Structure formats: C-alpha cells, structure tokens
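Visitor: One structure follows; several queries about it will come next.
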Amino acid sequence: MTVLDHKIDFAVVLSVKNANPNGDPLNGNRPRQNYDGFGEISDVALKRKIRNRLQDMGESIFVQSNDRKLDVFGSLRERADANPELAKILKSKTSSSDAFAEIACKEWLDVRSFGQVFAFKNGEKGVSVGVRGPVSIHTAISAAPIDITSMQITKSVNSEPGKERGSDTMGMKHRVDYGVYVFYGSINTQLAEKTGFTNEDAEKVKQALITLFENDASAARPDGSMEVHKVFWWEHNSKLGQYSSAKVHRSLQVKATIDEPKAFEDYTIERNELDGLKTEVIDGL
C-alpha cells in the first residue's frame with residue numbers, strides 16, 4: 001500500500017429532521033447551537049461516527065465506544081496491552097515513544113487517521129505518547145439558524161419497589177425541526193507520512209463519510225432522520241496542494257433560499273471551480 005502522496009480536502013452536506021444530532025450536556029442535552037442560532041455538531045461527534053463506520057467495515061479501531069466494542073477490553077490500556085509489541089514497550093523502563101507510535105499506527109486505522117494521545121501509568125515513570133493524525137475535521141455548522149422543539153416526557157413504570165406510581169418522573173427531550181449542516185475536512189500528506197496513512201485509507205474514510213449515519217440510530221436520532229446528501233472530495237496533484245484548504249472550503253457555499261427552510265430543496269449549493277483541482281461530487285445513499 002502506498003502512503004498518501006497528495007493533499008485531499010473534503011466537505012459533507014447533511015440534513016437533520018426531527019432529531020437531536022449532537023446534544024450539549026452543559027445545556028440539558030439540547031442540540032448544540034451557537035450564539036447566532038446556528039446549529040453545531042462537534043468534530044468529536046463526527047469522528048465518533050466515522051470510527052463506527054470504519055469499524056462496521058471491518059477495520060481495526062482503537063477508540064471503540066463501549067456499546068459497540070468488538071472485543072472484551074474495558075479500557076484503552078487493556079486494548080493496548082493486548083498487542084504484544086506495545087505491551088513489551090509499556091513494561092520496558094526505557095520505552096521508545098517513536099516505536100510505540102509506529103506500532104500503534106500500524107495496528108489501528110483511527111490512530112493513523114486522527115492521531116491519539118496514549119497516557120498510561122507504568123510504575124513511577126508512566127508512558128505518554130502523542131500521535132498527530134493527518135485527517136482533520138471541522139465542527140459542522142448549519143446553513144441557517146435552527147428551530148429547536150422541546151417536549152416533556154414522563155416515566156410510566158417504577159424503577160424501584162415501594163413507590164405508589166411510576167409516572168412521577170419528568171424529563172425533557174429536544175429535537176431540531178429541520179436543518180442542513182456542512183462540515184469540512186482535510187488530509188495532510190506530511191502527517192500521513194509519519195503515521196503511514198495510505199491512499200487506500202483515504203478511500204476508506206471517503207466511504208465512511210458517504211455512509212456516515214448507517215447503524216447510527218437511537219432514540220434521539222431515529223432511522224432516516226439524518227441523511228448525507230453530498231460529499232465533495234477534492235484531490236490535489238501535489239503534497240502541498242495547488243490551493244490552501246481555506247480557499248478550497250470557501251469555494252463551496254450552502255445557503256437557504258427562504259427565511260424558514262423546511263426541506264433540502266429550500267437550500268442551494270454553489271461551488272466555484274478551481275483550475276486544475278480534481279473534484280468528485282458523490283451523492284449520499
């Protein structure tokens with residue numbers, strides 16, 4: 001497999017309908033929203049979904065969520081210890097950070113893609129290894145201010161014995177009525193060389209973006225409530241790239257055509273062609 005030899009930029013246009021795409025734990029789990037009323041989905045949440053999709057595709061993933069893990073390990077340390085080469089380094093008094101990072105990048109796709117901080121106790125010394133990944137992702141921002149609907153919910157069953165009735169517990173559930181979000185990202189060749197990120201790995205990330213919300217249903221995000229509409233994939237012809245990522249990302253504009261958009265057809269996607277830059281436009285599933 002060939003290490004990535006050209007810069008890549010990408011963008012994803014997605015929609016949310018009657019769902020909570022990313023709740024804010026500091027605000028009663030309401031959908032994230034900035035001070036101007038635009039919706040947000042954190043880059044951490046997006047990376048979690050990409051990891052899940054890569055895991056579904058059969059790739060080896062280091063940071064697995066507890067409800068989706070495919071092994072018996074209850075912590076990242078246990079997963080690292082399960083690799084004989086890493087376990088040997090962790091137990092060594094003269095551990096090599098470079099050797100640790102190299103082995104971890106070979107073992108797990110998400111490590112060589114997004115990077116990872118390995119901070120484990122190892123007696124008095126401990127191990128602290130930082131890996132910078134080539135794939136960077138921005139926070140998703142809605143193209144127009146979002147409307148959030150909140151509803152009160154009750155519990156109709158007792159959790160513990162001895163209570164007279166079960167419907168006395170109140171809670172709140174929040175959803176975005178409708179919104180179109182856009183997020184951008186880039187893949188850096190200099191960091192790809194350090195982690196061993198390949199052209200094949202880039203293709204796997206692209207496929208994960210196209211199918212981002214497959215197997216992602218929950219009470220807050222029912223099946224069909226979140227949809228990838230377009231993936232824009234720009235491949236430069238050099239390691240540095242013909243254009244800056246800022247200029248490439250700025251060439252794509254998603255705008256609402258009416259004051260209160262309620263459907264994807266209420267938005268327009270405008271793209272300025274950049275000379276010599278190979279562009280692939282992919283429809284979501």
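Convention: chains lettered A, B, ... in structure tokens order; per-chain residue numbering from 1; ligands numbered from 1 as shown.
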Counting only C-alpha atoms, what is within 10 Å of Tyr184 in chain A, bar same-chain residues fewer than 2 positions away, as a PyMOL selection string?
Guide: chain A and resi 9-13+43+136-141+182+186+231-232+245-246+248-250+252
Visitor: Leaving out range 108-110 of chain A and any residue of its chain fewer than 6 positions from it, which residues lie within 8 Å of it when counting only C-alpha atoms, given as a ChimeraX atom specification?
Guide: /A:51,59-63,201
Visitor: Give me a file of those residues, with N, CA and C atoms, as a compact mmCIF listing (two decimals), in the first residue's frame.
Guide:
```txt
# COMPACT_ATOMS: atom_id res chain seq x y z
N ARG A 51 -15.45 6.62 13.05
CA ARG A 51 -14.86 5.42 13.65
C ARG A 51 -15.85 4.25 13.62
N GLU A 59 -12.57 -2.64 9.88
CA GLU A 59 -11.26 -2.07 10.20
C GLU A 59 -10.98 -2.18 11.70
N SER A 60 -9.71 -2.23 12.04
CA SER A 60 -9.28 -2.29 13.44
C SER A 60 -9.29 -0.88 14.02
N ILE A 61 -10.09 -0.67 15.07
CA ILE A 61 -10.28 0.65 15.66
C ILE A 61 -9.85 0.62 17.13
N PHE A 62 -9.06 1.60 17.54
CA PHE A 62 -8.56 1.65 18.91
C PHE A 62 -9.60 2.24 19.86
N VAL A 63 -10.15 3.41 19.51
CA VAL A 63 -11.13 4.08 20.38
C VAL A 63 -12.52 3.59 20.01
N ASP A 201 -6.37 4.02 2.73
CA ASP A 201 -7.01 4.53 3.94
C ASP A 201 -7.90 5.73 3.62
```
Visitor: Run DSSP on the backbone of this structure and report the residues of range 191-250 of chain A it assigns to alpha helix (DSSP H), as a ChimeraX atom specification.
Guide: /A:191-195,199-210,245-250
Visitor: Interatomic distance between CA of Gln55 in chain A and CA of Glu214 in chain A?
Guide: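 Between these atoms lies a distance of 11.8 Å.
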Visitor: Quick one: everything within 8 Å of Phe118 in chain A, counting only C-alpha atoms, minus sequence neighbours fewer than 5 positions away in the same chain. Send it as a PyMOL selection string.
Guide: chain A and resi 127-130
Visitor: Quick one: everything within 6 Å of Lys255 in chain A, counting only C-alpha atoms, minus sequence neighbours fewer than 3 positions away in the same chain. Send it as a ChimeraX atom specification.
Guide: /A:143,267-268
Visitor: Determine, using only C-alpha atoms, which residues of range 13-126 of chain A have any atom at most 10 Å from an atom of range 221-227 of chain A, and tabulate each with its shortest atom pair and distance in Å to one decimal place, rows ordered by chain and then rising number, as JSON lines.
Guide:
```
{"residue": "A:Val13", "atom": "CA", "partner": "A:Glu227", "partner_atom": "CA", "distance": 8.7}
{"residue": "A:Leu14", "atom": "CA", "partner": "A:Glu227", "partner_atom": "CA", "distance": 5.5}
{"residue": "A:Ser15", "atom": "CA", "partner": "A:Glu227", "partner_atom": "CA", "distance": 5.3}
{"residue": "A:Val16", "atom": "CA", "partner": "A:Met226", "partner_atom": "CA", "distance": 4.7}
{"residue": "A:Lys17", "atom": "CA", "partner": "A:Ser225", "partner_atom": "CA", "distance": 5.0}
{"residue": "A:Asn18", "atom": "CA", "partner": "A:Ser225", "partner_atom": "CA", "distance": 6.4}
{"residue": "A:Ala19", "atom": "CA", "partner": "A:Arg221", "partner_atom": "CA", "distance": 5.0}
{"residue": "A:Asn20", "atom": "CA", "partner": "A:Arg221", "partner_atom": "CA", "distance": 6.0}
{"residue": "A:Pro21", "atom": "CA", "partner": "A:Arg221", "partner_atom": "CA", "distance": 6.7}
{"residue": "A:Asn22", "atom": "CA", "partner": "A:Arg221", "partner_atom": "CA", "distance": 9.3}
```
Visitor: Go ahead and save the residues from that selection, with N, CA and C atoms, as a compact mmCIF listing (two decimals), in the first residue's frame.
Guide:
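Ended up saving to again.txt:
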```txt
# COMPACT_ATOMS: atom_id res chain seq x y z
N VAL A 13 -22.33 17.60 3.12
CA VAL A 13 -23.59 18.32 3.32
C VAL A 13 -24.62 17.30 3.81
N LEU A 14 -25.19 17.55 4.99
CA LEU A 14 -26.12 16.60 5.59
C LEU A 14 -27.34 17.34 6.12
N SER A 15 -28.41 16.59 6.33
CA SER A 15 -29.63 17.19 6.86
C SER A 15 -30.07 16.47 8.12
N VAL A 16 -30.79 17.21 8.96
CA VAL A 16 -31.35 16.69 10.21
C VAL A 16 -32.84 17.02 10.22
N LYS A 17 -33.68 16.03 10.46
CA LYS A 17 -35.12 16.25 10.52
C LYS A 17 -35.69 15.57 11.77
N ASN A 18 -36.22 16.40 12.66
CA ASN A 18 -36.84 15.89 13.90
C ASN A 18 -35.90 14.96 14.66
N ALA A 19 -34.69 15.42 14.89
CA ALA A 19 -33.69 14.63 15.59
C ALA A 19 -32.76 15.55 16.35
N ASN A 20 -32.03 14.98 17.29
CA ASN A 20 -31.00 15.71 18.04
C ASN A 20 -29.65 15.21 17.55
N PRO A 21 -28.99 15.95 16.65
CA PRO A 21 -27.76 15.44 16.05
C PRO A 21 -26.59 15.36 17.01
N ASN A 22 -26.58 16.23 18.03
CA ASN A 22 -25.45 16.26 18.97
C ASN A 22 -25.84 17.09 20.18
```
